[in-house]
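Student: What follows is model04.cif, made up of mmCIF, C-alpha atoms:
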data_my_file
loop_
_atom_site.label_atom_id
_atom_site.label_comp_id
_atom_site.auth_asym_id
_atom_site.auth_seq_id
_atom_site.Cartn_x
_atom_site.Cartn_y
_atom_site.Cartn_z
CA MET A 1 -144.76 69.42 -45.80
CA VAL A 2 -142.01 67.74 -47.79
CA PRO A 3 -142.10 67.35 -51.57
CA ILE A 4 -142.47 63.69 -52.59
CA ALA A 5 -139.59 64.38 -55.00
CA PHE A 6 -137.21 64.64 -52.03
CA TYR A 7 -138.13 61.16 -50.84
CA LEU A 8 -137.61 59.82 -54.36
CA ILE A 9 -134.23 61.54 -54.61
CA LEU A 10 -133.21 60.07 -51.23
CA ALA A 11 -134.21 56.64 -52.55
CA ALA A 12 -132.14 57.26 -55.70
CA ILE A 13 -129.12 58.24 -53.57
CA LEU A 14 -129.43 55.07 -51.48
CA PHE A 15 -129.89 52.93 -54.59
CA CYS A 16 -126.80 54.37 -56.28
CA ILE A 17 -124.73 53.92 -53.11
CA GLY A 18 -125.96 50.32 -53.16
CA ILE A 19 -124.85 49.90 -56.77
CA ALA A 20 -121.44 51.39 -55.96
CA ALA A 21 -121.01 49.12 -52.91
CA PHE A 22 -122.08 46.13 -55.01
CA LEU A 23 -119.39 46.92 -57.58
CA ILE A 24 -116.56 48.00 -55.27
CA LYS A 25 -116.81 45.60 -52.34
CA ARG A 26 -114.88 42.35 -52.51
CA SER A 27 -116.38 40.51 -49.55
CA VAL A 28 -119.33 38.38 -50.59
CA ILE A 29 -121.25 39.18 -47.38
CA THR A 30 -120.94 42.92 -47.96
CA ILE A 31 -122.02 42.49 -51.57
CA PHE A 32 -125.10 40.69 -50.31
CA MET A 33 -125.76 43.51 -47.85
CA SER A 34 -125.60 46.09 -50.63
CA ILE A 35 -128.33 44.15 -52.44
CA GLU A 36 -130.47 44.53 -49.32
CA LEU A 37 -129.69 48.26 -49.36
CA MET A 38 -130.93 48.52 -52.95
CA LEU A 39 -134.12 46.64 -52.04
CA ASN A 40 -134.68 49.10 -49.20
CA ALA A 41 -134.23 52.07 -51.51
CA VAL A 42 -136.84 50.66 -53.90
CA ASN A 43 -139.18 50.07 -50.95
CA LEU A 44 -138.88 53.76 -50.03
CA THR A 45 -139.90 54.66 -53.58
CA PHE A 46 -142.93 52.38 -53.34
CA VAL A 47 -144.03 53.93 -50.04
CA ALA A 48 -143.55 57.47 -51.37
CA PHE A 49 -145.68 56.76 -54.44
CA SER A 50 -148.26 54.99 -52.31
CA HIS A 51 -148.53 58.14 -50.20
CA MET A 52 -148.75 60.28 -53.32
CA TRP A 53 -151.63 58.29 -54.84
CA ARG A 54 -153.37 57.74 -51.47
CA ALA A 55 -153.45 54.01 -52.28
CA VAL A 56 -152.28 51.08 -50.21
CA SER A 57 -151.24 48.91 -53.17
CA GLY A 58 -147.70 50.26 -52.95
CA GLN A 59 -147.47 49.31 -49.28
CA ILE A 60 -148.71 45.80 -50.05
CA PHE A 61 -146.03 45.58 -52.72
CA VAL A 62 -143.42 46.55 -50.11
CA PHE A 63 -144.80 43.85 -47.83
CA PHE A 64 -144.24 41.22 -50.52
CA VAL A 65 -140.77 42.59 -51.26
CA MET A 66 -139.94 42.18 -47.57
CA VAL A 67 -141.15 38.57 -47.60
CA VAL A 68 -139.09 37.78 -50.69
CA ALA A 69 -136.06 39.58 -49.20
CA ALA A 70 -136.31 37.49 -46.04
CA ALA A 71 -136.46 34.25 -48.05
CA GLU A 72 -133.62 35.47 -50.26
CA ALA A 73 -131.45 36.34 -47.25
CA ALA A 74 -131.94 32.88 -45.75
CA VAL A 75 -131.06 31.05 -48.98
CA GLY A 76 -128.24 33.45 -49.90
CA LEU A 77 -126.54 33.17 -46.53
CA ALA A 78 -126.81 29.38 -46.73
CA ILE A 79 -125.09 29.57 -50.12
CA ILE A 80 -122.38 31.77 -48.59
CA ILE A 81 -121.81 29.20 -45.83
CA ALA A 82 -121.59 26.40 -48.42
CA LEU A 83 -119.17 28.52 -50.47
CA PHE A 84 -116.98 29.15 -47.44
CA ARG A 85 -116.91 25.42 -46.67
CA ALA A 86 -115.85 24.63 -50.22
CA ARG A 87 -113.31 27.41 -50.87
CA GLN A 88 -112.29 28.67 -47.40
CA THR A 89 -112.61 32.26 -48.58
CA LEU A 90 -115.15 35.05 -48.70
CA ASN A 91 -113.30 37.11 -51.30
CA VAL A 92 -115.13 37.10 -54.63
CA ASP A 93 -111.88 37.51 -56.55
CA GLN A 94 -110.82 34.03 -55.46
CA VAL A 95 -114.12 32.45 -56.47
CA ASN A 96 -113.42 32.31 -60.20
CA LEU A 97 -113.91 28.65 -61.06
CA MET A 98 -116.29 29.43 -63.93
CA LYS A 99 -114.27 32.35 -65.30
CA ASN A 100 -112.62 31.90 -68.73
CA MET B 101 -141.87 69.07 -38.29
CA GLN B 102 -141.97 66.60 -41.14
CA LEU B 103 -139.20 68.46 -42.93
CA ALA B 104 -137.03 68.21 -39.81
CA LEU B 105 -137.78 64.48 -39.54
CA PHE B 106 -136.97 64.00 -43.20
CA ILE B 107 -133.70 65.93 -43.03
CA ILE B 108 -132.47 64.24 -39.84
CA PHE B 109 -133.30 60.69 -40.81
CA GLY B 110 -132.54 61.14 -44.49
CA LEU B 111 -129.05 62.35 -43.65
CA LEU B 112 -128.69 59.50 -41.15
CA ALA B 113 -129.68 56.99 -43.85
CA VAL B 114 -127.24 58.44 -46.38
CA ALA B 115 -124.46 58.55 -43.77
CA GLY B 116 -125.13 54.93 -42.85
CA ALA B 117 -125.10 53.86 -46.49
CA LEU B 118 -121.81 55.69 -47.11
CA ASN B 119 -120.39 54.08 -43.98
CA LEU B 120 -121.40 50.69 -45.38
CA LEU B 121 -119.46 51.56 -48.51
CA PHE B 122 -116.30 52.78 -46.78
CA GLN B 123 -115.92 50.35 -43.88
CA ARG B 124 -113.70 47.39 -44.59
CA HIS B 125 -114.90 45.00 -41.91
CA PRO B 126 -118.24 43.28 -42.69
CA ILE B 127 -119.55 43.69 -39.14
CA ASN B 128 -119.18 47.48 -39.39
CA SER B 129 -121.01 47.41 -42.71
CA ALA B 130 -123.79 45.30 -41.18
CA LEU B 131 -124.26 47.67 -38.24
CA SER B 132 -124.37 50.72 -40.51
CA LEU B 133 -126.97 48.93 -42.65
CA ILE B 134 -129.07 48.58 -39.49
CA VAL B 135 -128.82 52.37 -39.04
CA VAL B 136 -130.07 52.83 -42.62
CA MET B 137 -132.99 50.48 -42.05
CA MET B 138 -134.06 52.09 -38.77
CA SER B 139 -134.03 55.58 -40.29
CA LEU B 140 -135.97 54.26 -43.27
CA ALA B 141 -138.55 52.95 -40.79
CA VAL B 142 -138.96 56.49 -39.43
CA LEU B 143 -139.35 57.80 -42.98
CA TYR B 144 -142.03 55.17 -43.69
CA TRP B 145 -143.87 56.32 -40.60
CA SER B 146 -143.65 59.95 -41.74
CA LEU B 147 -145.19 58.87 -45.05
CA GLY B 148 -148.15 57.34 -43.22
CA ALA B 149 -147.11 53.70 -43.49
CA GLU B 150 -146.99 52.73 -39.84
CA PHE B 151 -147.47 49.01 -40.50
CA LEU B 152 -144.48 48.98 -42.82
CA ALA B 153 -142.43 50.96 -40.31
CA ALA B 154 -143.05 48.25 -37.72
CA ALA B 155 -142.44 45.49 -40.26
CA GLN B 156 -139.21 47.17 -41.34
CA VAL B 157 -137.90 47.19 -37.78
CA ILE B 158 -139.05 43.63 -37.03
CA VAL B 159 -138.28 41.88 -40.32
CA TYR B 160 -135.34 43.80 -41.73
CA SER B 161 -133.34 45.08 -38.79
CA GLY B 162 -134.65 42.39 -36.49
CA ALA B 163 -134.56 39.17 -38.48
CA ILE B 164 -132.51 39.64 -41.64
CA MET B 165 -129.68 41.64 -40.11
CA VAL B 166 -129.41 39.29 -37.13
CA LEU B 167 -128.98 36.50 -39.69
CA PHE B 168 -126.23 38.50 -41.39
CA VAL B 169 -124.45 39.20 -38.10
CA PHE B 170 -124.68 35.52 -37.14
CA VAL B 171 -123.16 34.44 -40.46
CA ILE B 172 -120.34 37.00 -40.11
CA MET B 173 -119.69 35.65 -36.63
CA LEU B 174 -119.95 32.02 -37.74
CA LEU B 175 -117.55 32.40 -40.66
CA ASN B 176 -115.24 34.62 -38.63
CA ALA B 177 -115.14 37.08 -41.53
CA GLY B 178 -112.21 39.45 -41.24
CA GLU B 179 -111.34 42.62 -43.10
CA GLU B 180 -111.32 42.57 -46.85
CA GLU B 181 -107.95 42.30 -48.47
CA ARG B 182 -106.77 45.65 -49.68
CA ASN B 183 -104.60 44.83 -52.64
CA THR B 184 -107.06 42.89 -54.75
CA LYS B 185 -107.89 44.43 -58.04
CA GLY B 186 -111.60 44.49 -58.55
CA SER B 187 -113.37 43.95 -61.80
CA LYS B 188 -112.20 46.48 -64.40
CA VAL B 189 -115.59 46.69 -66.07
CA ALA B 190 -117.07 47.68 -62.71
CA TYR B 191 -114.81 50.69 -62.45
CA ILE B 192 -114.95 51.74 -66.10
CA ALA B 193 -118.65 51.29 -66.79
CA GLY B 194 -120.30 50.60 -63.45
CA ILE B 195 -119.47 53.64 -61.34
CA PRO B 196 -120.10 56.24 -64.08
CA GLY B 197 -123.24 54.32 -64.99
CA ALA B 198 -124.51 54.50 -61.42
CA ALA B 199 -123.70 58.23 -61.30
CA ALA B 200 -125.51 58.75 -64.60
CA VAL B 201 -128.59 56.87 -63.34
CA PHE B 202 -128.57 59.03 -60.22
CA CYS B 203 -128.26 62.27 -62.20
CA LEU B 204 -131.06 61.24 -64.56
CA LEU B 205 -133.40 60.26 -61.70
CA THR B 206 -132.67 63.46 -59.76
CA PHE B 207 -133.24 65.57 -62.87
CA VAL B 208 -136.58 63.91 -63.60
CA PHE B 209 -137.79 64.13 -59.99
CA LEU B 210 -136.83 67.79 -59.63
CA LYS B 211 -138.44 68.60 -62.98
CA GLU B 212 -141.70 66.93 -61.96
CA LYS B 213 -141.60 68.26 -58.40
CA GLN B 214 -144.88 70.14 -58.68
CA GLN B 215 -146.75 67.23 -60.26
CA LEU B 216 -145.45 64.83 -57.64
CA GLY B 217 -147.00 66.89 -54.87
CA TYR B 218 -146.24 67.04 -51.18
CA ALA B 219 -146.20 64.60 -48.29
CA MET B 220 -148.29 65.72 -45.34
CA LEU B 221 -148.05 64.39 -41.84
CA GLN B 222 -151.08 66.26 -40.52
CA GLU B 223 -153.76 64.36 -42.36
CA MET B 224 -152.26 61.13 -41.09
CA MET B 225 -152.26 62.37 -37.50
CA THR B 226 -155.94 63.26 -37.68
CA GLY B 227 -156.86 60.51 -40.12
CA ALA B 228 -159.98 58.57 -39.21
CA VAL B 229 -159.02 55.31 -40.87
CA SER B 230 -155.79 53.55 -40.07
CA ASN B 231 -153.97 52.23 -43.07
CA LEU B 232 -153.55 48.94 -41.25
CA THR B 233 -157.26 48.32 -41.81
CA ALA B 234 -156.97 49.10 -45.50
CA ILE B 235 -153.89 46.91 -45.95
CA SER B 236 -155.34 43.91 -44.16
CA HIS B 237 -158.62 44.29 -46.04
CA GLN B 238 -156.83 44.14 -49.38
CA LEU B 239 -154.41 41.45 -48.27
CA PHE B 240 -157.07 39.05 -47.03
CA THR B 241 -159.67 39.58 -49.75
CA SER B 242 -158.41 40.42 -53.22
CA LEU B 243 -154.79 39.38 -52.62
CA LEU B 244 -155.46 36.24 -50.60
CA LEU B 245 -153.90 33.88 -53.14
CA PRO B 246 -150.53 35.72 -53.37
CA PHE B 247 -150.51 35.98 -49.59
CA GLU B 248 -150.94 32.22 -49.24
CA VAL B 249 -148.36 31.55 -51.95
CA THR B 250 -145.77 33.47 -49.92
CA SER B 251 -146.10 30.85 -47.19
CA VAL B 252 -145.09 28.19 -49.73
CA LEU B 253 -142.20 30.43 -50.78
CA ILE B 254 -140.99 30.74 -47.19
CA LEU B 255 -141.28 26.97 -46.73
CA VAL B 256 -139.19 26.35 -49.85
CA ALA B 257 -136.66 28.93 -48.64
CA ILE B 258 -136.36 27.16 -45.27
CA LEU B 259 -135.85 23.79 -46.99
CA GLY B 260 -133.33 25.32 -49.37
CA ALA B 261 -131.38 26.94 -46.55
CA VAL B 262 -131.29 23.69 -44.57
CA VAL B 263 -130.17 21.65 -47.60
CA LEU B 264 -127.52 24.19 -48.68
CA ALA B 265 -126.01 24.64 -45.24
CA ARG B 266 -125.68 20.87 -44.62
CA LYS B 267 -122.20 19.60 -43.97
CA GLU B 268 -121.94 17.02 -46.73
CA LEU B 269 -122.75 19.13 -49.79
#
Could you spell out this file's structure in structure tokens?

Tutor:
Amino acid sequence: MVPIAFYLILAAILFCIGIAAFLIKRSVITIFMSIELMLNAVNLTFVAFSHMWRAVSGQIFVFFVMVVAAAEAAVGLAIIIALFRARQTLNVDQVNLMKN
Amino acid sequence: MQLALFIIFGLLAVAGALNLLFQRHPINSALSLIVVMMSLAVLYWSLGAEFLAAAQVIVYSGAIMVLFVFVIMLLNAGEEERNTKGSKVAYIAGIPGAAAVFCLLTFVFLKEKQQLGYAMLQEMMTGAVSNLTAISHQLFTSLLLPFEVTSVLILVAILGAVVLARKEL
């Protein structure tokens, strides 16, 4: 018997680590991975609430999030490959063409 | 038993996430993200979502992370440079903001702990109806249109990936 609150707090921890990694990391691949981490944390929240309400709607929501995450990963990694071809770098600090 | 499962795999997930944050090489970050996803699959199972646990292993750690590892390999991504200054706004506003969000969420969840209730493994073990039946019933009756639209989404994503990764862009 585990309080649902513990699952939610675990999800909050993972989400905040994801935010921190998103802000600190400089490699565009790692930044993309931290987005996936945040999506996973939100999925854990959905599943915990779905268990709490004894309803499967939350699990169906997670299913759709997974589908969208898969599509997003495919397109995002293609963009990263195109970026690497154009700029020869994966460091986001050097991708500043639209800055200023 | 469920508390032990939660503590072991919750700590494993947090450790993997922190390892993602602290490792400098992208491949190490990718492998620690796989650890996070696998332990989250166990936690899904302990919450009675066995379909999602399987989907998590197959889709996330199976498909998406393999894609990530392939791209890291393809681009020959090395360690991040150490002496780059990151965005200042990220350090001034972002990190304290994330900490504040975490504190707020933890406070609210602990305050409402009694109302939120408890997760039980027992009723799932002896449960008569599998949640796979319930999910597929909803997915193929009332949510049939969104389910079919996702196939169009995946098709568009495939086309987009092929177009973006072409040589002459």

Student: How many Å separate atom CA of A:Phe6 from atom CA of A:Glu72?

Tutor: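 Result for atom CA of A:Phe6 versus atom CA of A:Glu72: 29.4 Å, one decimal.
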
Student: Tell me which protein, DNA and RNA residues are within 8 Å of B:Leu121, counting only C-alpha atoms, leaving out same-chain ones fewer than 4 positions away, and put them as a ChimeraX atom specification.

Tutor: /A:17,20-21,25 /B:117,129

Student: List the residues selected by the PyMOL selection byres ((chain B and resi 136) around 7) in the file shown, writing them as a VMD selection string.

Tutor: chain B and resid 112 to 113 116 to 117 132 to 135 137 to 140

Student: Check which residues of chain B sit at most 6 Å from chain A using all atoms listed in the file, and return one row each with the closest pair of atoms and their distance in Å to one decimal, ordered by chain and rising number, as CSV.

Tutor:
residue,atom,partner,partner_atom,distance
B:Leu103,CA,A:Val2,CA,5.7
B:Leu121,CA,A:Ala21,CA,5.3
B:Pro126,CA,A:Thr30,CA,5.9
B:Ala190,CA,A:Leu23,CA,5.7
B:Ala198,CA,A:Cys16,CA,5.6
B:Thr206,CA,A:Ile9,CA,5.7
B:Phe209,CA,A:Ala5,CA,5.3
B:Lys213,CA,A:Ala5,CA,5.5
B:Leu216,CA,A:Ile4,CA,6.0
B:Gly217,CA,A:Pro3,CA,5.9
B:Tyr218,CA,A:Pro3,CA,4.2
B:Ala219,CA,A:Val2,CA,5.3
B:Met220,CA,A:Met1,CA,5.1
B:Ile254,CA,A:Ala71,CA,5.8
B:Ala257,CA,A:Ala71,CA,5.4
B:Ala261,CA,A:Val75,CA,4.8
B:Leu264,CA,A:Ala78,CA,5.6
B:Ala265,CA,A:Ala78,CA,5.0

Student: Dump C-alpha atoms for the selected residues as a tab-separated table (two decimals), in the frame of the given file?

Tutor:
chain	number	residue	atom	x	y	z
B	103	LEU	CA	-139.20	68.46	-42.93
B	121	LEU	CA	-119.46	51.56	-48.51
B	126	PRO	CA	-118.24	43.28	-42.69
B	190	ALA	CA	-117.07	47.68	-62.71
B	198	ALA	CA	-124.51	54.50	-61.42
B	206	THR	CA	-132.67	63.46	-59.76
B	209	PHE	CA	-137.79	64.13	-59.99
B	213	LYS	CA	-141.60	68.26	-58.40
B	216	LEU	CA	-145.45	64.83	-57.64
B	217	GLY	CA	-147.00	66.89	-54.87
B	218	TYR	CA	-146.24	67.04	-51.18
B	219	ALA	CA	-146.20	64.60	-48.29
B	220	MET	CA	-148.29	65.72	-45.34
B	254	ILE	CA	-140.99	30.74	-47.19
B	257	ALA	CA	-136.66	28.93	-48.64
B	261	ALA	CA	-131.38	26.94	-46.55
B	264	LEU	CA	-127.52	24.19	-48.68
B	265	ALA	CA	-126.01	24.64	-45.24

Student: Hey, which of B:Ser230, B:Thr241, B:Ala141, B:Glu179 ends up closest to B:Tyr160? Count only C-alpha atoms.

Tutor: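 Of B:Ser230, B:Thr241, B:Ala141, B:Glu179, the one nearest B:Tyr160, counting only C-alpha atoms, is B:Ala141.
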
Student: Rebuild stretch 21-49 of chain A so that it carries N, CA and C atoms, then output the result as a PDB file, in the coordinates of the input.

Tutor:
ATOM      1  N   ALA A  21    -121.531  50.099 -53.869  1.00  0.00           N
ATOM      2  CA  ALA A  21    -121.010  49.120 -52.910  1.00  0.00           C
ATOM      3  C   ALA A  21    -120.982  47.735 -53.541  1.00  0.00           C
ATOM      4  N   PHE A  22    -122.030  47.431 -54.333  1.00  0.00           N
ATOM      5  CA  PHE A  22    -122.080  46.130 -55.010  1.00  0.00           C
ATOM      6  C   PHE A  22    -120.877  45.947 -55.922  1.00  0.00           C
ATOM      7  N   LEU A  23    -120.485  47.039 -56.613  1.00  0.00           N
ATOM      8  CA  LEU A  23    -119.390  46.920 -57.580  1.00  0.00           C
ATOM      9  C   LEU A  23    -118.027  46.983 -56.917  1.00  0.00           C
ATOM     10  N   ILE A  24    -117.889  47.771 -55.845  1.00  0.00           N
ATOM     11  CA  ILE A  24    -116.560  48.000 -55.270  1.00  0.00           C
ATOM     12  C   ILE A  24    -116.186  46.923 -54.277  1.00  0.00           C
ATOM     13  N   LYS A  25    -117.149  46.500 -53.438  1.00  0.00           N
ATOM     14  CA  LYS A  25    -116.810  45.600 -52.340  1.00  0.00           C
ATOM     15  C   LYS A  25    -116.346  44.245 -52.846  1.00  0.00           C
ATOM     16  N   ARG A  26    -115.445  43.644 -52.108  1.00  0.00           N
ATOM     17  CA  ARG A  26    -114.880  42.350 -52.510  1.00  0.00           C
ATOM     18  C   ARG A  26    -115.317  41.224 -51.595  1.00  0.00           C
ATOM     19  N   SER A  27    -115.920  41.561 -50.454  1.00  0.00           N
ATOM     20  CA  SER A  27    -116.380  40.510 -49.550  1.00  0.00           C
ATOM     21  C   SER A  27    -117.791  40.109 -49.937  1.00  0.00           C
ATOM     22  N   VAL A  28    -118.047  38.813 -50.048  1.00  0.00           N
ATOM     23  CA  VAL A  28    -119.330  38.380 -50.590  1.00  0.00           C
ATOM     24  C   VAL A  28    -120.473  38.740 -49.635  1.00  0.00           C
ATOM     25  N   ILE A  29    -120.188  38.802 -48.327  1.00  0.00           N
ATOM     26  CA  ILE A  29    -121.250  39.180 -47.380  1.00  0.00           C
ATOM     27  C   ILE A  29    -121.632  40.640 -47.573  1.00  0.00           C
ATOM     28  N   THR A  30    -120.640  41.503 -47.775  1.00  0.00           N
ATOM     29  CA  THR A  30    -120.940  42.920 -47.960  1.00  0.00           C
ATOM     30  C   THR A  30    -121.667  43.159 -49.278  1.00  0.00           C
ATOM     31  N   ILE A  31    -121.309  42.380 -50.299  1.00  0.00           N
ATOM     32  CA  ILE A  31    -122.020  42.490 -51.570  1.00  0.00           C
ATOM     33  C   ILE A  31    -123.490  42.139 -51.378  1.00  0.00           C
ATOM     34  N   PHE A  32    -123.728  41.093 -50.590  1.00  0.00           N
ATOM     35  CA  PHE A  32    -125.100  40.690 -50.310  1.00  0.00           C
ATOM     36  C   PHE A  32    -125.848  41.770 -49.539  1.00  0.00           C
ATOM     37  N   MET A  33    -125.126  42.428 -48.611  1.00  0.00           N
ATOM     38  CA  MET A  33    -125.760  43.510 -47.850  1.00  0.00           C
ATOM     39  C   MET A  33    -126.104  44.689 -48.739  1.00  0.00           C
ATOM     40  N   SER A  34    -125.281  44.951 -49.761  1.00  0.00           N
ATOM     41  CA  SER A  34    -125.600  46.090 -50.630  1.00  0.00           C
ATOM     42  C   SER A  34    -126.838  45.783 -51.479  1.00  0.00           C
ATOM     43  N   ILE A  35    -127.077  44.498 -51.761  1.00  0.00           N
ATOM     44  CA  ILE A  35    -128.330  44.150 -52.440  1.00  0.00           C
ATOM     45  C   ILE A  35    -129.519  44.495 -51.554  1.00  0.00           C
ATOM     46  N   GLU A  36    -129.391  44.187 -50.252  1.00  0.00           N
ATOM     47  CA  GLU A  36    -130.470  44.530 -49.320  1.00  0.00           C
ATOM     48  C   GLU A  36    -130.680  46.042 -49.284  1.00  0.00           C
ATOM     49  N   LEU A  37    -129.574  46.799 -49.355  1.00  0.00           N
ATOM     50  CA  LEU A  37    -129.690  48.260 -49.360  1.00  0.00           C
ATOM     51  C   LEU A  37    -130.471  48.737 -50.585  1.00  0.00           C
ATOM     52  N   MET A  38    -130.196  48.129 -51.733  1.00  0.00           N
ATOM     53  CA  MET A  38    -130.930  48.520 -52.950  1.00  0.00           C
ATOM     54  C   MET A  38    -132.412  48.178 -52.824  1.00  0.00           C
ATOM     55  N   LEU A  39    -132.715  47.009 -52.241  1.00  0.00           N
ATOM     56  CA  LEU A  39    -134.120  46.640 -52.040  1.00  0.00           C
ATOM     57  C   LEU A  39    -134.818  47.657 -51.142  1.00  0.00           C
ATOM     58  N   ASN A  40    -134.100  48.110 -50.107  1.00  0.00           N
ATOM     59  CA  ASN A  40    -134.680  49.100 -49.200  1.00  0.00           C
ATOM     60  C   ASN A  40    -134.954  50.409 -49.909  1.00  0.00           C
ATOM     61  N   ALA A  41    -134.036  50.811 -50.781  1.00  0.00           N
ATOM     62  CA  ALA A  41    -134.230  52.070 -51.510  1.00  0.00           C
ATOM     63  C   ALA A  41    -135.475  51.978 -52.393  1.00  0.00           C
ATOM     64  N   VAL A  42    -135.651  50.824 -53.049  1.00  0.00           N
ATOM     65  CA  VAL A  42    -136.840  50.660 -53.900  1.00  0.00           C
ATOM     66  C   VAL A  42    -138.102  50.660 -53.048  1.00  0.00           C
ATOM     67  N   ASN A  43    -138.021  50.062 -51.850  1.00  0.00           N
ATOM     68  CA  ASN A  43    -139.180  50.070 -50.950  1.00  0.00           C
ATOM     69  C   ASN A  43    -139.574  51.500 -50.588  1.00  0.00           C
ATOM     70  N   LEU A  44    -138.575  52.360 -50.362  1.00  0.00           N
ATOM     71  CA  LEU A  44    -138.880  53.760 -50.030  1.00  0.00           C
ATOM     72  C   LEU A  44    -139.613  54.427 -51.194  1.00  0.00           C
ATOM     73  N   THR A  45    -139.193  54.113 -52.419  1.00  0.00           N
ATOM     74  CA  THR A  45    -139.900  54.660 -53.580  1.00  0.00           C
ATOM     75  C   THR A  45    -141.350  54.204 -53.607  1.00  0.00           C
ATOM     76  N   PHE A  46    -141.564  52.906 -53.348  1.00  0.00           N
ATOM     77  CA  PHE A  46    -142.930  52.380 -53.340  1.00  0.00           C
ATOM     78  C   PHE A  46    -143.794  53.098 -52.311  1.00  0.00           C
ATOM     79  N   VAL A  47    -143.237  53.295 -51.098  1.00  0.00           N
ATOM     80  CA  VAL A  47    -144.030  53.930 -50.040  1.00  0.00           C
ATOM     81  C   VAL A  47    -144.325  55.380 -50.404  1.00  0.00           C
ATOM     82  N   ALA A  48    -143.335  56.071 -50.992  1.00  0.00           N
ATOM     83  CA  ALA A  48    -143.550  57.470 -51.370  1.00  0.00           C
ATOM     84  C   ALA A  48    -144.656  57.581 -52.419  1.00  0.00           C
ATOM     85  N   PHE A  49    -144.631  56.700 -53.411  1.00  0.00           N
ATOM     86  CA  PHE A  49    -145.680  56.760 -54.440  1.00  0.00           C
ATOM     87  C   PHE A  49    -147.029  56.346 -53.879  1.00  0.00           C
TER      88      PHE A  49
END
